[in-house]
Amino acid sequence: MALGPQVSDLKETLLASIAEEVMSCQNCKLGATRTKAVPGVGSAYAHICFVGEGPGREEDLSGIPFVGQAGRLLDRMLIAEGLSRRDCYICNIVKCRPPNNRVPEPSEVAACSLYLYAQLAIVEPEVICLLGNTALRFFFGEQYSIGQVHGTILVKDEQRFMPIYHPAAALRNPQYVQVIQSDLRKLAALIQRTVD
Ligand code: SF4
Ligand code: URA
């Protein structure tokens with residue numbers, strides 16, 4: 001309907017204003033050691049949001065999520081399922097790189113979480129794909145494990161989630177490539193059904 005373009009412009013504008021806040025944020029100690037903050041990229045009206053853990057070295061230098069080796073692998077796997085970054089919005093639990101890629105601390109995750117909630121509320125994706133245990137446990141708690149729930153649909157507050165192995169796991173252990181690929185196939189099929 002006629003409101004469509006204005007509504008999507010509003011979403012873009014809201015995402016851009018969050019990104020601007022993130023870029024100068026010093027709400028946790030990761031702000032002191034980052035090169036660039038990495039707010040998120042992609043379509044404001046994406047059907048899928050991917051949520052990773054936090055920026056790595058290449059993301060810290062470029063300000064763009066998932067541009068390093070793990071990101072390039074993810075891109076290839078998305079393309080194989082007929083998905084591309086343009087269909088998706090991609091961000092992380094923490095927006096600044098933890099030194100030496102350590103797991104973000106609870107205080108850092110808590111400090112950064114408002115940005116993530118705001119991004120997800122704006123995009124309103126059909127499904128949120130959680131990449132790895134940090135993203136999974138942020139939403140579902142410490143008792144959850146990717147090994148047990150990857151490729152399944154979890155629902156919380158009427159939002160659908162699909163946890164999958166982090167692509168970095170597949171770089172360390174190539175047997176995960178096939179597992180991630182088949183989970184992404186389920187994700188793509190899920191979106192196909194909702195969009196058609
Ligand atoms: Fe701010 Fe998040 Fe960066 Fe911490 S990690 S400084 S809360 S943007
Ligand atoms: N790993 C992540 O979790 N996020 C990125 O942006 C890159 C690598």
# chains A, B, ... in the order shown; residues from 1 in each chain; ligands from 1
$ select_by_dssp --residues "segment 52-134 of chain A" --states "strand (DSSP E)" --output "ChimeraX atom specification"
/A:52,88-92,127-131
$ write_last_selection --atoms "N, CA and C atoms" --output "PDB file, in the first residue's frame"
ATOM      1  N   GLY A  52      25.706 -12.682  15.274  1.00  0.00           N
ATOM      2  CA  GLY A  52      26.954 -13.350  15.646  1.00  0.00           C
ATOM      3  C   GLY A  52      27.367 -12.975  17.053  1.00  0.00           C
ATOM      4  N   CYS A  88      19.136 -10.109   4.027  1.00  0.00           N
ATOM      5  CA  CYS A  88      19.402 -10.325   5.450  1.00  0.00           C
ATOM      6  C   CYS A  88      19.842  -9.041   6.130  1.00  0.00           C
ATOM      7  N   TYR A  89      19.724  -9.046   7.434  1.00  0.00           N
ATOM      8  CA  TYR A  89      20.376  -8.027   8.247  1.00  0.00           C
ATOM      9  C   TYR A  89      21.347  -8.786   9.153  1.00  0.00           C
ATOM     10  N   ILE A  90      22.578  -8.294   9.267  1.00  0.00           N
ATOM     11  CA  ILE A  90      23.620  -9.027   9.991  1.00  0.00           C
ATOM     12  C   ILE A  90      24.237  -8.128  11.050  1.00  0.00           C
ATOM     13  N   CYS A  91      24.247  -8.631  12.279  1.00  0.00           N
ATOM     14  CA  CYS A  91      24.890  -7.862  13.350  1.00  0.00           C
ATOM     15  C   CYS A  91      25.446  -8.827  14.387  1.00  0.00           C
ATOM     16  N   ASN A  92      25.885  -8.282  15.487  1.00  0.00           N
ATOM     17  CA  ASN A  92      26.526  -9.083  16.530  1.00  0.00           C
ATOM     18  C   ASN A  92      25.970  -8.733  17.902  1.00  0.00           C
ATOM     19  N   VAL A 127      12.595 -14.502  11.109  1.00  0.00           N
ATOM     20  CA  VAL A 127      13.385 -15.430  11.924  1.00  0.00           C
ATOM     21  C   VAL A 127      14.740 -14.802  12.227  1.00  0.00           C
ATOM     22  N   ILE A 128      15.201 -15.042  13.438  1.00  0.00           N
ATOM     23  CA  ILE A 128      16.525 -14.581  13.856  1.00  0.00           C
ATOM     24  C   ILE A 128      17.438 -15.797  13.895  1.00  0.00           C
ATOM     25  N   CYS A 129      18.475 -15.774  13.082  1.00  0.00           N
ATOM     26  CA  CYS A 129      19.409 -16.901  13.033  1.00  0.00           C
ATOM     27  C   CYS A 129      20.582 -16.600  13.962  1.00  0.00           C
ATOM     28  N   LEU A 130      20.725 -17.432  14.983  1.00  0.00           N
ATOM     29  CA  LEU A 130      21.737 -17.220  16.023  1.00  0.00           C
ATOM     30  C   LEU A 130      22.984 -18.008  15.669  1.00  0.00           C
ATOM     31  N   LEU A 131      24.094 -17.294  15.469  1.00  0.00           N
ATOM     32  CA  LEU A 131      25.340 -17.937  15.047  1.00  0.00           C
ATOM     33  C   LEU A 131      26.198 -18.238  16.268  1.00  0.00           C
TER      34      LEU A 131
END
$ residues_around --residues "Lys36 of chain A" --least-positions-apart "4" --cutoff "10 Å" --atoms "only C-alpha atoms" --output "ChimeraX atom specification"
/A:22-24,31,55,59-64,95-97
$ write_last_selection --atoms "all heavy atoms" --output "CSV table (one decimal), in the first residue's frame"
chain,number,residue,atom,x,y,z
A,22,VAL,N,26.2,3.8,18.0
A,22,VAL,CA,27.1,2.8,18.3
A,22,VAL,C,28.6,3.2,17.9
A,22,VAL,O,29.5,3.0,18.7
A,22,VAL,CB,26.8,1.5,17.5
A,22,VAL,CG1,27.9,0.5,17.4
A,22,VAL,CG2,25.5,0.8,18.0
A,23,MET,N,28.7,4.0,16.9
A,23,MET,CA,30.0,4.3,16.4
A,23,MET,C,30.8,5.2,17.4
A,23,MET,O,32.0,5.3,17.3
A,23,MET,CB,29.9,5.0,15.0
A,23,MET,CG,29.7,3.9,14.0
A,23,MET,SD,29.8,4.4,12.3
A,23,MET,CE,28.2,5.1,12.0
A,24,SER,N,30.1,5.9,18.2
A,24,SER,CA,30.8,6.7,19.2
A,24,SER,C,30.5,6.2,20.7
A,24,SER,O,30.9,6.9,21.6
A,24,SER,CB,30.4,8.2,19.1
A,24,SER,OG,29.0,8.3,19.4
A,31,GLY,N,34.9,-0.3,24.1
A,31,GLY,CA,35.0,1.0,23.4
A,31,GLY,C,36.4,1.5,23.4
A,31,GLY,O,36.8,2.2,22.4
A,55,PRO,N,32.7,-8.5,16.7
A,55,PRO,CA,33.6,-8.3,15.6
A,55,PRO,C,34.9,-9.0,15.8
A,55,PRO,O,35.4,-9.1,16.9
A,55,PRO,CB,33.8,-6.8,15.5
A,55,PRO,CG,32.7,-6.2,16.3
A,55,PRO,CD,32.3,-7.3,17.3
A,59,GLU,N,36.7,-7.2,10.9
A,59,GLU,CA,35.5,-6.4,11.1
A,59,GLU,C,35.9,-5.1,11.9
A,59,GLU,O,35.3,-4.0,11.6
A,59,GLU,CB,34.5,-7.2,11.9
A,59,GLU,CG,33.9,-8.4,11.1
A,59,GLU,CD,34.8,-9.6,11.0
A,59,GLU,OE1,35.7,-9.7,11.8
A,59,GLU,OE2,34.6,-10.5,10.1
A,60,ASP,N,36.8,-5.3,12.9
A,60,ASP,CA,37.2,-4.1,13.6
A,60,ASP,C,37.9,-3.1,12.8
A,60,ASP,O,37.8,-1.9,13.0
A,60,ASP,CB,38.2,-4.6,14.7
A,60,ASP,CG,38.8,-3.5,15.5
A,60,ASP,OD1,38.1,-2.9,16.3
A,60,ASP,OD2,40.0,-3.2,15.4
A,61,LEU,N,38.6,-3.5,11.7
A,61,LEU,CA,39.3,-2.6,10.9
A,61,LEU,C,38.3,-1.9,9.9
A,61,LEU,O,38.5,-0.8,9.5
A,61,LEU,CB,40.4,-3.3,10.1
A,61,LEU,CG,41.6,-3.8,11.0
A,61,LEU,CD1,42.6,-4.6,10.2
A,61,LEU,CD2,42.3,-2.6,11.6
A,62,SER,N,37.3,-2.7,9.4
A,62,SER,CA,36.5,-2.2,8.3
A,62,SER,C,35.2,-1.6,8.9
A,62,SER,O,34.5,-0.8,8.2
A,62,SER,CB,36.1,-3.3,7.4
A,62,SER,OG,35.3,-4.3,8.1
A,63,GLY,N,34.7,-2.0,10.1
A,63,GLY,CA,33.5,-1.5,10.6
A,63,GLY,C,32.3,-2.3,10.1
A,63,GLY,O,31.1,-1.9,10.3
A,64,ILE,N,32.5,-3.4,9.4
A,64,ILE,CA,31.4,-4.2,8.7
A,64,ILE,C,31.5,-5.6,9.3
A,64,ILE,O,32.5,-6.2,9.4
A,64,ILE,CB,31.6,-4.2,7.2
A,64,ILE,CG1,31.7,-2.8,6.6
A,64,ILE,CG2,30.5,-5.0,6.5
A,64,ILE,CD1,32.1,-2.7,5.2
A,95,LYS,N,29.1,-4.9,19.7
A,95,LYS,CA,29.4,-4.2,18.5
A,95,LYS,C,30.9,-3.8,18.4
A,95,LYS,O,31.3,-3.2,17.4
A,95,LYS,CB,28.6,-2.9,18.4
A,95,LYS,CG,27.1,-3.1,18.7
A,95,LYS,CD,26.4,-4.1,17.8
A,95,LYS,CE,24.9,-4.0,17.9
A,95,LYS,NZ,24.2,-5.3,17.6
A,96,CYS,N,31.7,-4.0,19.4
A,96,CYS,CA,33.1,-3.7,19.4
A,96,CYS,C,33.9,-5.0,19.7
A,96,CYS,O,33.5,-5.8,20.4
A,96,CYS,CB,33.5,-2.7,20.5
A,96,CYS,SG,32.5,-1.1,20.2
A,97,ARG,N,35.1,-5.1,19.0
A,97,ARG,CA,35.9,-6.3,19.1
A,97,ARG,C,36.4,-6.5,20.5
A,97,ARG,O,37.1,-5.7,21.1
A,97,ARG,CB,37.0,-6.2,18.1
A,97,ARG,CG,37.9,-7.5,18.1
A,97,ARG,CD,39.2,-7.3,17.4
A,97,ARG,NE,39.9,-8.6,17.3
A,97,ARG,CZ,41.1,-8.7,17.0
A,97,ARG,NH1,41.9,-7.6,16.8
A,97,ARG,NH2,41.7,-9.9,17.0
$ residues_around --residues "Leu184 of chain A" --least-positions-apart "2" --cutoff "9 Å" --atoms "only C-alpha atoms" --output "list in words"
Met77, Leu78, Glu81, Gly151, Ile164, Val179, Ile180, Gln181, Ser182, Lys186, Leu187, Ala188 and Ala189 of chain A
$ closest_residue --among "A:Leu114, A:Val103, A:Ala135, A:Cys25" --to "ligand 1" --atoms "only C-alpha atoms and all ligand atoms"
A:Cys25
$ closest_atom_pairs --of "chain A" --to "ligand 2" --cutoff "8 Å" --atoms "only C-alpha atoms and all ligand atoms" --output "tab-separated table"
residue	atom	partner	partner_atom_place_in_ligand_line	distance
A:Val38	CA	ligand 2	6 (O)	7.6
A:Val51	CA	ligand 2	3 (O)	7.5
A:Gly52	CA	ligand 2	3 (O)	3.8
A:Glu53	CA	ligand 2	3 (O)	3.6
A:Gly54	CA	ligand 2	3 (O)	4.4
A:Pro55	CA	ligand 2	6 (O)	4.1
A:Gly56	CA	ligand 2	7 (C)	5.0
A:Glu58	CA	ligand 2	7 (C)	7.8
A:Glu59	CA	ligand 2	6 (O)	5.9
A:Ile64	CA	ligand 2	6 (O)	7.1
A:Pro65	CA	ligand 2	6 (O)	3.6
A:Phe66	CA	ligand 2	6 (O)	3.9
A:Val67	CA	ligand 2	7 (C)	6.7
A:Gly68	CA	ligand 2	7 (C)	6.4
A:Gln69	CA	ligand 2	8 (C)	8.0
A:Ala70	CA	ligand 2	8 (C)	5.9
A:Gly71	CA	ligand 2	7 (C)	6.1
A:Cys91	CA	ligand 2	6 (O)	6.7
A:Asn92	CA	ligand 2	4 (N)	5.7
A:Ile93	CA	ligand 2	3 (O)	7.9
A:Leu131	CA	ligand 2	3 (O)	7.1
A:Gly132	CA	ligand 2	3 (O)	7.8
A:His166	CA	ligand 2	3 (O)	7.3
A:Pro167	CA	ligand 2	1 (N)	7.9
A:Ala168	CA	ligand 2	1 (N)	6.9
$ select_by_dssp --residues "segment 40-168 of chain A" --states "alpha helix (DSSP H)" --output "PyMOL selection string"
chain A and resi 57-62+69-80+106-123+133-140+146-149+167-168
$ atom_distance --atom1 "atom CA of Pro99 of chain A" --atom2 "atom CA of Ile122 of chain A"
29.5 Å
$ residues_around --residues "Phe140 of chain A" --least-positions-apart "6" --cutoff "12 Å" --atoms "only C-alpha atoms" --output "list in words"
Leu130, Asn133, Thr134, Ile146, Val149, Leu154, Val155, Lys156, Asp157, Phe161, Met162 and Pro163 of chain A
$ atom_distance --atom1 "atom CA of Val94 of chain A" --atom2 "atom CA of Asp9 of chain A"
25.6 Å
$ closest_residue --among "A:Ser17, A:Asn101, A:Gln148, A:Ser113" --to "ligand 1" --atoms "only C-alpha atoms and all ligand atoms"
A:Ser113
$ closest_residue --among "A:Glu124, A:Glu105, A:Glu12, A:Asp87" --to "ligand 1" --atoms "only C-alpha atoms and all ligand atoms"
A:Glu105
$ closest_residue --among "A:Leu74, A:Ile48, A:Val109, A:Val123" --to "Leu10 of chain A" --atoms "only C-alpha atoms"
A:Val123
$ atom_distance --atom1 "atom CA of Gln26 of chain A" --atom2 "atom 4 (Fe, counted along the ligand's line) of ligand 1"
5.9 Å
